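Engineer: Dumping the structure here so I can ask a few things about it.
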Amino acid sequence: MTSLSWDELLPGLRGRLVGRARRLGVDAEAAEDLAQQALYEAWRLRSRIYDPAGVDRWVFVILGNLCKRWLSAHEHLALVEDEATESSVDIEAELERRELVELLDRALGELPDETREALVRRFVEETPIAELAGRLGLSEGAVQMRLQRGKLALRKILTTTYQDDAIAHGLIAEDDGGWQQTPIWCPGCGSSRWLGRFTGPERRLDLRCAHCQAWHYGVDETVQVTRAYGVTGFRGLYRRTAANAYELWTDVFEHLAEHQHTVSFERGRSPVGTHTRRVDCPQRGFLMSSSLEAQALFSPEGMQFWKDHPRIRRSGYVEIEVDGVPAVHTTYESMTSHARFDAVLTCDEWRLVRADRS
């Protein structure tokens, strides 16, 4: 242990220990005492340290055990004294905090060792990025990337394996349960990948962009599509159902006059100003909604462009007239090349007038 200098270690570690104790539910005065006690115990047992680079992590383990004993002692004291309701509420809060710590420990245990170590050192032990990079033998940029990937992996575990517990502790919103990152780039902004999830026995498919909030795609049943086409993943099901949606919308408009019953249409605008439409056909038992920008991309020409250029963004949406009929000129462009796709559709029947690639 001659390579370890306690004088160099103490100034930066004491404050982090106090902060950790406070987050575990220890009061301010006791947190100072427990931090000091943890450092003393580590110094007293310093002969057991064989890896000086890991001494701070060892001290945090000692602190964690001291905090657990402190919390347990004060919990029993409060129960014996049976103080006012406020004390009972405090006890419940402490128990909830401990349950939260245990939940995060379980979730972290699902991660690879190097990912878990990086997350614990940075966000639990509050190790600075520069210091963490030195310990892991990586550049600061590589550490940042590992932390980002680790947080995404941890969130995926919380929203799937531990979804109910994560919702109960407020780590994720109830409507975020089951969402995970897909390989599909959002065609609205092109800056992030879609989040997706399957729900219910018929595997309803939902896709959305967390960055631009412009796109939200949903299909009630995908089991039938899987049986018919053999596709099961996000990308395959999306491409197949999107193509089906384009054909269905075209069919609805072409055969509208043949309907012998009421078909209701609702026109509107999306949050980003694009044309939307909702059709309800009670006789045939279907309800659909879509946007004109999506219809342009779901055309055979648009889907082929998207397949050839997986990362695109909508760069233009201009209202024009074609032979006196209101229409919209929609443009999608590749994020990795100069390729672009232009489509013109009428606003009344969403009829594709022109589709060009350049």
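Naming scheme: A, B, ... for chains in displayed order of the structure tokens; residues 1 onward per chain; ligands 1 onward as shown.
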Please report, as a compact mmCIF listing (two decimals) with C-alpha atoms, in the first residue's frame, each residue of segment 247-348 of chain A to which DSSP assigns helix (DSSP H, G or I) when run on this structure's backbone.
Structural biologist:
# COMPACT_ATOMS: atom_id res chain seq x y z
CA GLU A 247 -52.62 0.57 -50.68
CA LEU A 248 -55.53 0.70 -48.25
CA TRP A 249 -55.72 4.51 -48.29
CA THR A 250 -55.63 4.48 -52.11
CA ASP A 251 -58.41 1.89 -52.18
CA VAL A 252 -60.55 3.88 -49.75
CA PHE A 253 -60.45 7.01 -51.93
CA GLU A 254 -60.88 5.16 -55.24
CA LEU A 256 -65.51 5.92 -51.88
CA ALA A 257 -68.49 6.35 -54.19
CA GLU A 258 -69.28 2.64 -53.98
CA LEU A 292 -49.96 13.37 -46.09
CA GLU A 293 -46.18 13.38 -45.53
CA ALA A 294 -46.40 9.73 -44.48
CA GLN A 295 -48.50 8.84 -47.51
CA ALA A 296 -45.80 10.34 -49.76
CA LEU A 297 -43.11 8.23 -48.10
CA PHE A 298 -45.28 5.09 -48.04
CA PRO A 300 -43.76 2.43 -53.67
CA GLU A 301 -41.31 5.05 -54.92
CA GLY A 302 -40.89 6.54 -51.45
CA MET A 303 -40.37 3.18 -49.74
CA GLN A 304 -37.74 2.21 -52.31
CA PHE A 305 -35.92 5.50 -51.72
CA TRP A 306 -36.02 4.92 -47.96
CA LYS A 307 -34.75 1.36 -48.40
CA ASP A 308 -31.83 2.62 -50.53
Engineer: For a quick check of understanding, using only C-alpha atoms, which of A:Thr346, A:Arg208, A:Ser270, A:Arg203 has the smallest distance to Trp179 of chain A?
Structural biologist: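 Distance minimum relative to Trp179 of chain A lands on A:Arg208.
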Engineer: For the atom pair atom CA of Gly196 of chain A and atom CA of Val219 of chain A, what is the interatomic distance in Å to one decimal place?
Structural biologist: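 Calculated distance between atom CA of Gly196 of chain A and atom CA of Val219 of chain A is 11.6 Å.
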Engineer: From a DSSP calculation on the backbone, collect every residue of segment 290-352 of chain A in strand (DSSP E) and output the set as a ChimeraX atom specification.
Structural biologist: /A:290-291,312-322,325-334,340-346,352
Engineer: Can you work out the spacing between atom CA of Cys67 of chain A and atom CA of Leu24 of chain A in Å, to one decimal?
Structural biologist: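 Atom CA of Cys67 of chain A sits 7.3 Å away from atom CA of Leu24 of chain A.
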Engineer: Atom CA of His329 of chain A and atom CA of Gly316 of chain A are how many Å apart?
Structural biologist: 7.4 Å
Engineer: Let me make sure I understand: among A:Met335, A:Ala107, A:Leu45, A:Val325, which one has the smallest atom-to-atom distance to Asp348 of chain A if we use only C-alpha atoms?
Structural biologist: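 That would be A:Val325, the residue with the smallest distance to Asp348 of chain A.
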Engineer: Show which residues sit within 8 Å of Val143 of chain A, as a PyMOL selection string. Count only C-alpha atoms, and ignore same-chain residues fewer than 2 positions away.
Structural biologist: chain A and resi 118+129+132-133+138-141+145-147
Engineer: When distances are computed from only C-alpha atoms, which of A:Val223, A:Leu195, A:Leu205, A:Leu13 shows the smallest separation from Thr127 of chain A?
Structural biologist: A:Leu13
Engineer: Just the residues within 10 Å of Gln224 of chain A, please, counting only C-alpha atoms, with nothing from its chain fewer than 4 positions along; format it as a PyMOL selection string.
Structural biologist: chain A and resi 202-203+228-230
Engineer: Could you write those residues out with N, CA, C and O atoms, as a tab-separated table (two decimals), in the first residue's frame?
Structural biologist:
chain	number	residue	atom	x	y	z
A	202	GLU	N	-52.12	-9.55	-29.61
A	202	GLU	CA	-52.02	-9.44	-31.07
A	202	GLU	C	-50.80	-8.63	-31.50
A	202	GLU	O	-50.65	-8.31	-32.67
A	203	ARG	N	-49.94	-8.28	-30.53
A	203	ARG	CA	-48.68	-7.57	-30.79
A	203	ARG	C	-48.92	-6.25	-31.54
A	203	ARG	O	-48.46	-6.06	-32.65
A	228	ALA	N	-48.64	-13.97	-42.53
A	228	ALA	CA	-48.75	-13.86	-43.99
A	228	ALA	C	-47.39	-13.69	-44.67
A	228	ALA	O	-47.16	-14.24	-45.75
A	229	TYR	N	-46.48	-12.93	-44.02
A	229	TYR	CA	-45.22	-12.57	-44.69
A	229	TYR	C	-43.97	-13.08	-43.97
A	229	TYR	O	-42.86	-12.94	-44.49
A	230	GLY	N	-44.13	-13.63	-42.78
A	230	GLY	CA	-42.98	-14.19	-42.07
A	230	GLY	C	-42.08	-13.18	-41.42
A	230	GLY	O	-40.99	-13.53	-40.96
Engineer: Using only C-alpha atoms, which residues sit within 9 Å of Asp356 of chain A once same-chain residues fewer than 4 positions away are excluded, as a list in words?
Structural biologist: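 Final neighbour list, sorted by chain and number: Glu301, Arg340, Phe341, Asp342 and Ala343 of chain A.
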Engineer: Just write the chosen residues, N, CA, C and O atoms, as a PDB file, in the first residue's frame.
Structural biologist:
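Below you can see result_19.pdb, which holds the result:
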ATOM      1  N   GLU A 301     -42.519   4.305 -54.598  1.00  0.00           N
ATOM      2  CA  GLU A 301     -41.306   5.053 -54.923  1.00  0.00           C
ATOM      3  C   GLU A 301     -40.616   5.559 -53.650  1.00  0.00           C
ATOM      4  O   GLU A 301     -39.391   5.523 -53.527  1.00  0.00           O
ATOM      5  N   ARG A 340     -32.183  12.740 -53.058  1.00  0.00           N
ATOM      6  CA  ARG A 340     -33.435  13.288 -52.550  1.00  0.00           C
ATOM      7  C   ARG A 340     -34.618  12.659 -53.283  1.00  0.00           C
ATOM      8  O   ARG A 340     -34.481  12.147 -54.390  1.00  0.00           O
ATOM      9  N   PHE A 341     -35.763  12.722 -52.624  1.00  0.00           N
ATOM     10  CA  PHE A 341     -37.000  12.183 -53.176  1.00  0.00           C
ATOM     11  C   PHE A 341     -38.070  13.263 -53.076  1.00  0.00           C
ATOM     12  O   PHE A 341     -38.278  13.855 -52.012  1.00  0.00           O
ATOM     13  N   ASP A 342     -38.738  13.540 -54.186  1.00  0.00           N
ATOM     14  CA  ASP A 342     -39.802  14.551 -54.232  1.00  0.00           C
ATOM     15  C   ASP A 342     -41.108  13.889 -54.632  1.00  0.00           C
ATOM     16  O   ASP A 342     -41.156  13.108 -55.601  1.00  0.00           O
ATOM     17  N   ALA A 343     -42.170  14.203 -53.898  1.00  0.00           N
ATOM     18  CA  ALA A 343     -43.494  13.646 -54.204  1.00  0.00           C
ATOM     19  C   ALA A 343     -44.537  14.747 -54.110  1.00  0.00           C
ATOM     20  O   ALA A 343     -44.473  15.602 -53.227  1.00  0.00           O
TER      21      ALA A 343
END
Engineer: When distances are computed from only C-alpha atoms, which of A:Arg14, A:Arg116, A:Arg193, A:Arg278 shows the smallest separation from Arg313 of chain A?
Structural biologist: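 Of A:Arg14, A:Arg116, A:Arg193, A:Arg278, the one nearest Arg313 of chain A, counting only C-alpha atoms, is A:Arg193.
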